[in-house]
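Printed here is my_file-v6.txt (compact mmCIF, C-alpha atoms and all ligand atoms):
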# COMPACT_ATOMS: atom_id res chain seq x y z
CA MET A 719 35.28 11.01 7.09
CA THR A 720 34.95 10.15 3.42
CA GLN A 721 36.52 12.80 1.17
CA PHE A 722 37.27 12.50 -2.55
CA VAL A 723 38.24 16.09 -3.41
CA THR A 724 40.30 18.34 -1.13
CA PRO A 725 39.30 21.98 -0.55
CA GLU A 726 42.01 22.87 -3.10
CA GLY A 727 40.28 20.73 -5.73
CA ARG A 728 42.72 17.79 -5.77
CA LEU A 729 41.72 14.14 -5.58
CA THR A 730 42.45 12.36 -2.30
CA PRO A 731 43.84 8.79 -2.47
CA LEU A 732 40.28 7.57 -1.86
CA GLY A 733 39.01 9.83 -4.64
CA GLU A 734 41.70 8.43 -6.97
CA ALA A 735 40.72 4.88 -6.12
CA HIS A 736 36.98 5.46 -6.53
CA GLY A 737 37.27 7.85 -9.45
CA VAL A 738 35.19 11.00 -9.91
CA ASP A 739 33.13 11.08 -13.08
CA ARG A 740 33.66 14.36 -14.94
CA GLU A 741 30.10 14.56 -16.31
CA LEU A 742 28.62 13.95 -12.87
CA ALA A 743 30.95 16.55 -11.33
CA MET A 744 29.80 19.08 -13.96
CA THR A 745 26.14 18.34 -13.20
CA LEU A 746 26.71 18.77 -9.48
CA PHE A 747 28.66 22.00 -10.00
CA ARG A 748 25.85 23.45 -12.11
CA ASP A 749 23.19 22.38 -9.58
CA MET A 750 25.13 24.04 -6.77
CA SER A 751 25.70 27.23 -8.73
CA LEU A 752 22.01 27.60 -9.62
CA ALA A 753 21.03 27.11 -5.98
CA ARG A 754 23.49 29.78 -4.90
CA GLY A 755 22.12 32.17 -7.51
CA LEU A 756 18.61 31.65 -6.16
CA ASP A 757 19.72 31.96 -2.54
CA ARG A 758 21.48 35.28 -3.14
CA GLU A 759 18.47 36.74 -4.89
CA ALA A 760 16.08 35.49 -2.20
CA VAL A 761 18.12 37.23 0.50
CA ALA A 762 18.08 40.44 -1.54
CA LEU A 763 14.31 40.11 -1.99
CA GLN A 764 13.85 39.67 1.74
CA ARG A 765 16.00 42.73 2.47
CA GLN A 766 13.85 44.72 0.05
CA GLY A 767 10.69 43.67 1.87
CA GLU A 768 9.48 41.28 -0.86
CA LEU A 769 9.80 38.13 1.28
CA GLY A 770 8.90 37.75 4.95
CA LEU A 771 11.77 35.40 5.70
CA TRP A 772 14.38 33.25 3.98
CA LEU A 773 16.62 30.48 5.28
CA GLU A 774 19.66 30.02 3.07
CA SER A 775 21.19 26.78 1.88
CA LEU A 776 24.43 28.78 1.34
CA GLY A 777 27.44 26.57 2.04
CA GLN A 778 25.37 23.38 2.18
CA GLU A 779 24.83 22.97 -1.56
CA ALA A 780 27.14 19.94 -1.91
CA ALA A 781 25.45 18.07 0.94
CA GLN A 782 22.11 18.64 -0.79
CA VAL A 783 22.78 18.13 -4.49
CA GLY A 784 25.28 15.31 -3.93
CA SER A 785 22.71 13.38 -1.92
CA ILE A 786 19.55 14.02 -3.94
CA ARG A 787 21.26 13.27 -7.26
CA ALA A 788 22.24 9.84 -5.85
CA LEU A 789 18.58 8.93 -5.28
CA ARG A 790 16.09 7.69 -7.85
CA PRO A 791 13.66 10.41 -9.01
CA ASP A 792 10.78 8.44 -7.49
CA ASP A 793 12.45 8.08 -4.09
CA HIS A 794 10.39 10.18 -1.70
CA VAL A 795 12.10 13.04 0.09
CA PHE A 796 10.95 14.67 3.33
CA PRO A 797 12.97 17.89 3.72
CA SER A 798 13.50 20.25 6.59
CA TYR A 799 13.31 23.95 5.57
CA ARG A 800 16.54 24.96 3.84
CA GLU A 801 16.80 22.24 1.18
CA HIS A 802 16.41 24.64 -1.76
CA ALA A 803 19.36 23.15 -3.64
CA ALA A 804 17.76 19.70 -3.36
CA ALA A 805 14.32 21.05 -4.31
CA LEU A 806 15.64 22.65 -7.52
CA CYS A 807 17.12 19.27 -8.51
CA ARG A 808 13.61 17.81 -8.25
CA GLY A 809 12.23 20.39 -10.69
CA ILE A 810 10.59 22.66 -8.13
CA THR A 811 10.65 26.19 -9.56
CA PRO A 812 11.95 29.36 -7.88
CA SER A 813 8.38 30.64 -7.90
CA GLN A 814 7.13 27.55 -6.07
CA LEU A 815 9.97 27.81 -3.55
CA LEU A 816 9.39 31.48 -2.80
CA ALA A 817 5.59 31.42 -2.41
CA GLN A 818 5.63 30.20 1.19
CA TRP A 819 8.18 32.81 2.26
CA ARG A 820 6.21 35.60 0.61
CA GLY A 821 3.24 34.41 2.61
CA VAL A 822 0.96 33.74 -0.36
CA ALA A 823 0.77 29.94 0.07
CA HIS A 824 1.09 27.40 2.85
CA ALA A 825 3.48 25.57 0.55
CA GLY A 826 4.25 26.11 -3.07
CA TRP A 827 4.27 22.75 -4.84
CA GLU A 828 2.45 19.48 -5.26
CA PRO A 829 4.51 16.90 -3.30
CA SER A 830 3.47 13.89 -5.39
CA ALA A 831 4.56 15.60 -8.62
CA HIS A 832 8.16 15.82 -7.40
CA ALA A 833 8.29 13.05 -4.75
CA PHE A 834 9.43 15.98 -2.61
CA HIS A 835 7.26 16.78 0.39
CA PHE A 836 6.58 20.13 2.01
CA TYR A 837 9.10 21.95 4.14
CA THR A 838 8.63 21.16 7.83
CA LEU A 839 9.39 23.89 10.34
CA VAL A 840 8.56 21.79 13.38
CA LEU A 841 12.10 20.57 14.00
CA GLY A 842 12.59 16.92 13.15
CA ALA A 843 8.89 16.10 12.62
CA GLN A 844 9.63 15.24 8.98
CA THR A 845 11.73 12.25 10.10
CA LEU A 846 8.58 10.73 11.61
CA HIS A 847 6.60 11.54 8.47
CA ALA A 848 9.28 9.76 6.42
CA THR A 849 9.24 6.75 8.72
CA GLY A 850 5.46 6.47 8.52
CA TYR A 851 5.59 6.87 4.75
CA ALA A 852 8.20 4.10 4.56
CA MET A 853 5.84 1.77 6.44
CA GLY A 854 3.28 2.47 3.74
CA CYS A 855 5.83 1.72 1.01
CA ILE A 856 6.50 -1.69 2.56
CA LEU A 857 2.76 -2.43 2.78
CA SER A 858 2.25 -1.52 -0.87
CA GLY A 859 5.31 -3.48 -2.01
CA GLN A 860 7.28 -0.54 -3.48
CA ASP A 861 11.08 -0.56 -3.56
CA THR A 862 11.21 3.16 -2.84
CA VAL A 863 13.86 4.66 -0.58
CA VAL A 864 12.37 7.35 1.66
CA ALA A 865 14.97 10.00 2.39
CA THR A 866 14.69 12.66 5.05
CA TYR A 867 16.89 15.68 5.74
CA PHE A 868 17.42 17.05 9.23
CA GLY A 869 19.96 19.17 11.08
CA ASP A 870 22.40 18.66 13.92
CA GLY A 871 20.06 20.58 16.23
CA ALA A 872 17.03 18.53 15.19
CA ALA A 873 19.00 15.41 16.12
CA SER A 874 18.40 16.39 19.77
CA GLN A 875 14.62 16.26 19.28
CA GLY A 876 12.64 13.33 20.65
CA ASP A 877 10.91 12.99 17.28
CA VAL A 878 14.17 12.23 15.46
CA ASN A 879 15.22 9.67 18.04
CA GLU A 880 11.80 8.00 17.85
CA ALA A 881 12.04 7.90 14.07
CA LEU A 882 15.54 6.37 14.15
CA ASN A 883 14.45 3.74 16.66
CA TRP A 884 11.19 2.84 14.92
CA ALA A 885 12.79 2.68 11.49
CA ALA A 886 15.52 0.37 12.83
CA ALA A 887 13.13 -1.78 14.87
CA ARG A 888 10.92 -2.37 11.80
CA GLY A 889 13.71 -2.47 9.20
CA LEU A 890 12.10 0.37 7.24
CA PRO A 891 13.58 1.77 4.00
CA VAL A 892 14.47 5.19 5.40
CA LEU A 893 17.64 7.08 4.58
CA PHE A 894 18.30 9.68 7.26
CA ILE A 895 20.48 12.51 5.93
CA CYS A 896 21.87 14.73 8.65
CA GLN A 897 23.37 17.99 7.43
CA ASN A 898 25.61 18.81 10.32
CA ASN A 899 26.14 22.51 9.64
CA GLN A 900 27.76 23.01 13.09
CA TRP A 901 25.07 25.33 14.44
CA ALA A 902 21.46 25.21 15.60
CA ILE A 903 20.70 28.93 15.45
CA SER A 904 23.22 30.17 18.08
CA THR A 905 23.89 26.79 19.75
CA PRO A 906 27.10 25.14 18.55
CA ASN A 907 27.48 21.40 18.11
CA SER A 908 29.79 21.18 21.11
CA ARG A 909 26.93 22.19 23.43
CA GLN A 910 24.42 19.84 21.86
CA SER A 911 25.94 16.41 21.49
CA GLY A 912 28.28 14.15 23.46
CA SER A 913 29.19 12.03 20.45
CA ARG A 914 29.35 12.25 16.69
CA LEU A 915 25.87 11.91 15.20
CA TYR A 916 26.77 9.03 12.91
CA GLN A 917 28.11 7.11 15.93
CA ARG A 918 24.77 7.57 17.66
CA ALA A 919 22.98 5.95 14.71
CA THR A 920 24.90 2.71 15.19
CA GLY A 921 23.44 2.42 18.69
CA PHE A 922 19.93 2.52 17.23
CA GLY A 923 20.85 -0.25 14.82
CA LEU A 924 21.30 1.75 11.62
CA ARG A 925 24.18 1.50 9.19
CA ALA A 926 25.93 4.85 9.21
CA TRP A 927 28.21 6.83 6.90
CA TYR A 928 30.22 9.96 7.67
CA VAL A 929 31.16 12.20 4.76
CA ASP A 930 32.71 15.56 3.97
CA GLY A 931 29.48 17.40 3.24
CA ASN A 932 31.26 20.10 1.22
CA ASP A 933 32.55 17.51 -1.24
CA ALA A 934 29.68 16.89 -3.65
CA ALA A 935 31.35 13.91 -5.32
CA ALA A 936 31.94 12.15 -2.00
CA VAL A 937 28.42 12.91 -0.79
CA HIS A 938 27.08 11.44 -4.02
CA ALA A 939 29.08 8.23 -3.70
CA VAL A 940 28.28 7.76 -0.02
CA THR A 941 24.57 8.44 -0.52
CA ALA A 942 24.48 6.01 -3.45
CA ALA A 943 26.03 3.30 -1.26
CA ALA A 944 23.65 4.02 1.62
CA ALA A 945 20.61 4.11 -0.69
CA LEU A 946 21.65 0.79 -2.25
CA SER A 947 21.81 -0.82 1.17
CA VAL A 948 18.38 0.58 2.11
CA ARG A 949 16.82 -0.47 -1.21
CA ARG A 950 18.04 -4.03 -1.02
CA GLY A 951 16.35 -4.42 2.37
CA ASP A 952 19.21 -4.01 4.83
CA GLY A 953 17.11 -1.60 6.87
CA PRO A 954 17.47 2.13 7.43
CA ALA A 955 20.75 4.01 7.11
CA LEU A 956 22.11 7.37 8.18
CA VAL A 957 24.50 9.69 6.41
CA GLU A 958 26.11 12.47 8.43
CA ALA A 959 27.36 15.18 6.07
CA GLU A 960 29.79 17.54 7.78
CA THR A 961 29.14 21.01 6.40
CA TYR A 962 28.69 24.63 7.44
CA ARG A 963 25.94 27.22 7.47
CA ILE A 964 27.75 30.17 5.90
CA GLY A 965 24.89 32.62 6.39
CA GLY A 966 22.77 33.40 9.39
CA HIS A 967 20.20 30.91 10.63
CA SER A 968 17.62 32.96 8.75
CA THR A 969 17.34 36.52 7.46
CA SER A 970 16.17 37.43 11.00
CA ASP A 971 19.45 36.29 12.53
CA ASP A 972 22.81 38.07 12.84
CA PRO A 973 25.45 35.35 13.37
CA ARG A 974 28.20 37.93 14.03
CA ARG A 975 26.77 38.21 17.53
CA TYR A 976 27.76 34.67 18.49
CA ARG A 977 30.11 33.23 15.87
CA PRO A 978 33.86 33.88 15.63
CA ASP A 979 35.06 35.37 12.31
CA ALA A 980 37.95 32.90 12.23
CA GLU A 981 35.52 29.97 12.14
CA LEU A 982 33.68 31.47 9.20
CA ALA A 983 36.97 32.04 7.37
CA LEU A 984 37.99 28.41 7.97
CA TRP A 985 34.79 27.14 6.38
CA ARG A 986 34.78 29.65 3.54
CA ALA A 987 38.08 28.08 2.52
CA ARG A 988 36.25 24.74 2.31
CA ASP A 989 33.51 26.13 0.08
CA PRO A 990 31.79 23.36 -1.93
CA ILE A 991 31.48 25.35 -5.16
CA SER A 992 35.01 26.75 -5.41
CA ARG A 993 36.34 23.28 -4.55
CA MET A 994 34.42 21.69 -7.42
CA GLU A 995 35.40 24.53 -9.74
CA ALA A 996 39.10 23.96 -8.98
CA PHE A 997 38.63 20.24 -9.60
CA LEU A 998 36.87 20.80 -12.94
CA ARG A 999 39.47 23.32 -14.10
CA GLY A 1000 42.09 20.70 -13.30
CA GLN A 1001 40.11 18.33 -15.55
CA GLY A 1002 40.36 20.82 -18.39
CA VAL A 1003 36.79 22.11 -18.41
CA ALA A 1004 36.69 25.24 -20.58
CA GLN A 1005 36.06 28.78 -19.37
CA ALA A 1006 33.10 29.07 -21.77
CA TRP A 1007 31.30 26.34 -19.85
CA PHE A 1008 31.81 28.16 -16.52
CA ASP A 1009 30.55 31.37 -18.13
CA GLN A 1010 27.39 29.56 -19.25
CA VAL A 1011 26.75 28.21 -15.73
CA ASP A 1012 27.24 31.73 -14.41
CA ALA A 1013 24.69 33.05 -16.91
CA ASP A 1014 22.25 30.27 -15.92
CA ALA A 1015 22.64 31.20 -12.24
CA ARG A 1016 21.84 34.83 -13.06
CA GLU A 1017 18.89 33.69 -15.14
CA ILE A 1018 17.39 31.71 -12.23
CA ALA A 1019 17.86 34.75 -9.97
CA GLY A 1020 16.00 36.86 -12.52
CA GLN A 1021 13.23 34.26 -12.66
CA ALA A 1022 12.92 34.39 -8.87
CA ARG A 1023 12.60 38.17 -8.85
CA ALA A 1024 10.06 38.23 -11.67
CA ALA A 1025 8.04 35.42 -10.08
CA CYS A 1026 8.01 37.23 -6.76
CA ALA A 1027 6.62 40.40 -8.32
CA ALA A 1028 3.95 38.41 -10.19
CA MET A 1029 2.56 36.60 -7.14
CA THR A 1030 -0.94 37.66 -6.18
CA ASP A 1031 -2.18 37.74 -2.62
CA PRO A 1032 -4.57 34.89 -1.84
CA ASP A 1033 -8.10 35.59 -0.62
CA LEU A 1034 -8.17 35.05 3.14
CA GLY A 1035 -11.53 33.32 2.74
CA ASP A 1036 -9.78 30.46 0.88
CA LEU A 1037 -8.16 29.45 4.15
CA PHE A 1038 -11.23 27.57 5.33
CA GLY A 1039 -11.27 25.34 2.27
CA HIS A 1040 -7.93 23.73 3.10
CA VAL A 1041 -8.58 22.48 6.62
CA TYR A 1042 -10.50 19.30 5.74
CA ALA A 1043 -10.47 17.31 2.51
CA GLY A 1044 -14.25 17.60 2.15
CA HIS A 1045 -17.13 19.73 3.42
CA HIS A 1046 -17.13 20.31 7.19
CA PRO A 1047 -20.02 22.11 8.97
CA MET A 1048 -17.70 23.87 11.42
CA MET A 1049 -15.56 25.26 8.61
CA ALA A 1050 -18.71 26.37 6.76
CA ALA A 1051 -19.88 28.23 9.89
CA GLU A 1052 -16.47 29.86 10.37
CA LYS A 1053 -16.34 30.86 6.71
CA ALA A 1054 -19.81 32.42 6.97
CA ALA A 1055 -18.72 34.36 10.08
CA TYR A 1056 -15.60 35.53 8.25
CA ASP A 1057 -17.68 36.65 5.24
CA ARG A 1058 -19.98 38.69 7.53
CA PHE A 1059 -16.98 40.26 9.26
CA ARG A 1060 -15.36 41.04 5.91
CA ALA A 1061 -18.55 42.62 4.57
CA ALA A 1062 -18.84 44.78 7.71
CA VAL A 1063 -15.22 45.93 7.43
CA ASP A 1064 -15.58 46.62 3.71
CA SER A 1065 -18.71 48.71 4.23
CA GLU A 1066 -16.94 50.74 6.93
CA ILE A 1067 -13.98 51.41 4.64
CA ASP A 1068 -16.10 52.16 1.59
CA PRO A 1069 -19.69 52.83 2.79
C1 LIG B 1 10.06 21.68 17.72
C2 LIG B 1 10.80 22.95 17.45
N1 LIG B 1 11.55 23.49 18.43
C3 LIG B 1 12.24 24.64 18.21
C4 LIG B 1 12.15 25.27 17.00
C5 LIG B 1 12.92 26.57 16.75
N2 LIG B 1 14.05 26.32 15.86
C6 LIG B 1 13.92 26.54 14.53
S1 LIG B 1 15.31 26.12 13.70
C7 LIG B 1 16.12 25.69 15.13
C8 LIG B 1 17.54 25.18 15.06
C9 LIG B 1 17.67 24.00 14.16
O1 LIG B 1 19.00 23.63 13.99
P1 LIG B 1 19.41 22.43 13.06
O2 LIG B 1 18.51 21.27 13.27
O3 LIG B 1 20.85 22.20 13.26
O4 LIG B 1 19.09 22.94 11.59
P2 LIG B 1 19.73 24.17 10.81
O5 LIG B 1 18.79 25.34 11.03
O6 LIG B 1 21.08 24.41 11.33
O7 LIG B 1 19.70 23.77 9.38
C10 LIG B 1 15.29 25.87 16.23
C11 LIG B 1 15.68 25.59 17.62
C12 LIG B 1 11.33 24.68 16.01
N3 LIG B 1 11.21 25.20 14.79
N4 LIG B 1 10.68 23.51 16.26
MG MG B 2 22.39 22.96 12.22
Would you kindly transcribe this structure into structure tokens?
Amino acid sequence: MTQFVTPEGRLTPLGEAHGVDRELAMTLFRDMSLARGLDREAVALQRQGELGLWLESLGQEAAQVGSIRALRPDDHVFPSYREHAAALCRGITPSQLLAQWRGVAHAGWEPSAHAFHFYTLVLGAQTLHATGYAMGCILSGQDTVVATYFGDGAASQGDVNEALNWAAARGLPVLFICQNNQWAISTPNSRQSGSRLYQRATGFGLRAWYVDGNDAAAVHAVTAAAALSVRRGDGPALVEAETYRIGGHSTSDDPRRYRPDAELALWRARDPISRMEAFLRGQGVAQAWFDQVDADAREIAGQARAACAAMTDPDLGDLFGHVYAGHHPMMAAEKAAYDRFRAAVDSEIDP
């Protein structure tokens, strides 16, 4: 497992040899801190009834920011559903991220504006979308890397295995990024897989990397190497980032019912943000800079709360307009039926 910075914030021999750029480390630390600020606020908003659901990226920030910052801004990304730290790096706003979970939009952003596609809640389906998109990139002669995030649990899905096989068989420019956060809701890794996930990739014919997913600098270097290999035409690659889901699966889940406290304590000690902070302090980064990052994280939380309060409910009638790209007679008939129903209900409420 590639590791550059230990949980105590010291460079490993590999980290010494490779070197960890201070500016890059500062960028990654700030990215992670902002994501955590947003995550905390989103959980609070859900508890206060302002969001229907939230799935935290808490604990997985290094796996996300380290990888996305190693891609080109025009490399297309097909996420799963908890890649908020990655999304923020692509300029997606807290308001855009929260809209879906408040139930006011099917998705909150324009994928082409950020080369960051919609969240996919059908486990693993996004790996097929990425693979199909990569076929298109080859046909149109682009040198884009198409990256897709998925979890350890999703790796058991047929879709993911089909995507890995097809991408390898056709030599497609897909970078599969598995955030192995040890759990698929209440199912631990040990009950889900007979081998390490990165070892499985080799059998499909992909080049594979295995990295400490709580070490943002190592994730960045490994993803850069994997992306380089994909971009130069060596075929798809897989990065397995070993990390941990510190929170529950979602705000509807209570992990204390199935997860030992000692395991949580073990992984809290490997926290990606405190590790990077210790490293940066060792590099002489001033307290004032940390204070500013802290203020920025609080600012983004404030933005999330304000944005949430400002969101207006959509008109249910708009739903029919988003099913087909153009006019469709069946949708027009359904919309007319809905309008009649709505008028009848309204006249009953307020005759
Ligand atoms: C096809 C499909 N089957 C089942 C589910 C229900 N489900 C949602 S998340 C999840 C666990 C996913 O675990 P993992 O892939 O490790 O991702 P993580 O949530 O840990 O990030 C399951 C079973 C689903 N969303 N889609
Ligand atoms: Mg998981």
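Closest approach to Val948 of chain A from the set A:Thr862, A:Gln897, A:Thr745, A:Thr838 is made by A:Thr862, with distances taken over all atoms listed in the file.
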**Message:** Distance limit 10 Å, reference ligand LIG 1 (chain B), atoms considered: all atoms listed in the file. Which residues make the cut? Give them as a ChimeraX atom specification.
**Reply:** /A:773-775,778,798-801,838-843,867-877,896-907,910,962-963,966-968
**Request:** Compare A:Ile856, A:Ile964, A:Leu984, A:Ala1061 by their minimum atom-to-atom distance to ligand MG 2 (chain B), counting only C-alpha atoms and all ligand atoms, and give me the closest one.
**Result:**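 That would be A:Ile964, the residue with the smallest distance to ligand MG 2 (chain B).
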**Selection: 7 Å around Gly821 of chain A, all atoms listed in the file, excl. self and same-chain fewer than 3 positions, as a list of chain:residue names** = A:Gly770, A:Ala817, A:Gln818
Please write the residues from the selection above to a file, keeping C-alpha atoms, as a CSV table (one decimal), keeping the file's coordinate frame.
chain,number,residue,atom,x,y,z
A,770,GLY,CA,8.9,37.8,5.0
A,817,ALA,CA,5.6,31.4,-2.4
A,818,GLN,CA,5.6,30.2,1.2
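Nearest residue to ligand MG 2 (chain B) among A:Ala753, A:Ala886, A:Leu915, A:Met994 is A:Leu915, counting only C-alpha atoms and all ligand atoms.
With distances taken over all atoms listed in the file, A:Leu946 is the one residue among A:Leu924, A:Leu946, A:Ala781, A:Val937 lying closest to Asp861 of chain A.
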**From A:Pro990, A:Gly1020, A:Gly965, A:Gly889, residue lying nearest ligand MG 2 (chain B) [all atoms listed in the file]** = A:Gly965
**Prompt:** So which residues fall inside 10 Å of (22.3, 31.4, -6.1) if we count all atoms listed in the file? Mind giving them as a ChimeraX atom specification?
**Reply:** /A:749-761,774-776,779,802-803,1012,1014-1019
**Request:** Between A:Asp972, A:Glu958, A:Glu734, A:Asp1064, single out the one closest to ligand MG 2 (chain B), counting only C-alpha atoms and all ligand atoms.
**Result:**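 Closest residue, counting only C-alpha atoms and all ligand atoms: A:Glu958.
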**Asked** Do you have the atom CA of Gln917 of chain A-atom CA of Phe836 of chain A distance handy?
**Response** 28.8 Å
**Prompt:** Just how far from atom CA of Gln721 of chain A is atom CA of Asp930 of chain A, in Å to one decimal?
**Reply:**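 Taking atom CA of Asp930 of chain A as the start and atom CA of Gln721 of chain A as the end point, the length is 5.5 Å.
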List as an mmCIF file with C-alpha atoms, keeping the file's coordinate frame the protein and nucleic acid residues near Met1048 of chain A, meaning an atom at most 12 Å away when all atoms listed in the file are counted, but skip any in the same chain fewer than 6 places from it.
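Contents of the output file result-v1.cif:
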data_model
loop_
_atom_site.group_PDB
_atom_site.id
_atom_site.type_symbol
_atom_site.label_atom_id
_atom_site.label_comp_id
_atom_site.auth_asym_id
_atom_site.auth_seq_id
_atom_site.Cartn_x
_atom_site.Cartn_y
_atom_site.Cartn_z
ATOM 1 C CA PHE A 1038 -11.230 27.570 5.330
ATOM 2 C CA GLY A 1039 -11.270 25.340 2.270
ATOM 3 C CA VAL A 1041 -8.580 22.480 6.620
ATOM 4 C CA TYR A 1042 -10.500 19.300 5.740
ATOM 5 C CA ALA A 1054 -19.810 32.420 6.970
ATOM 6 C CA ALA A 1055 -18.720 34.360 10.080
#
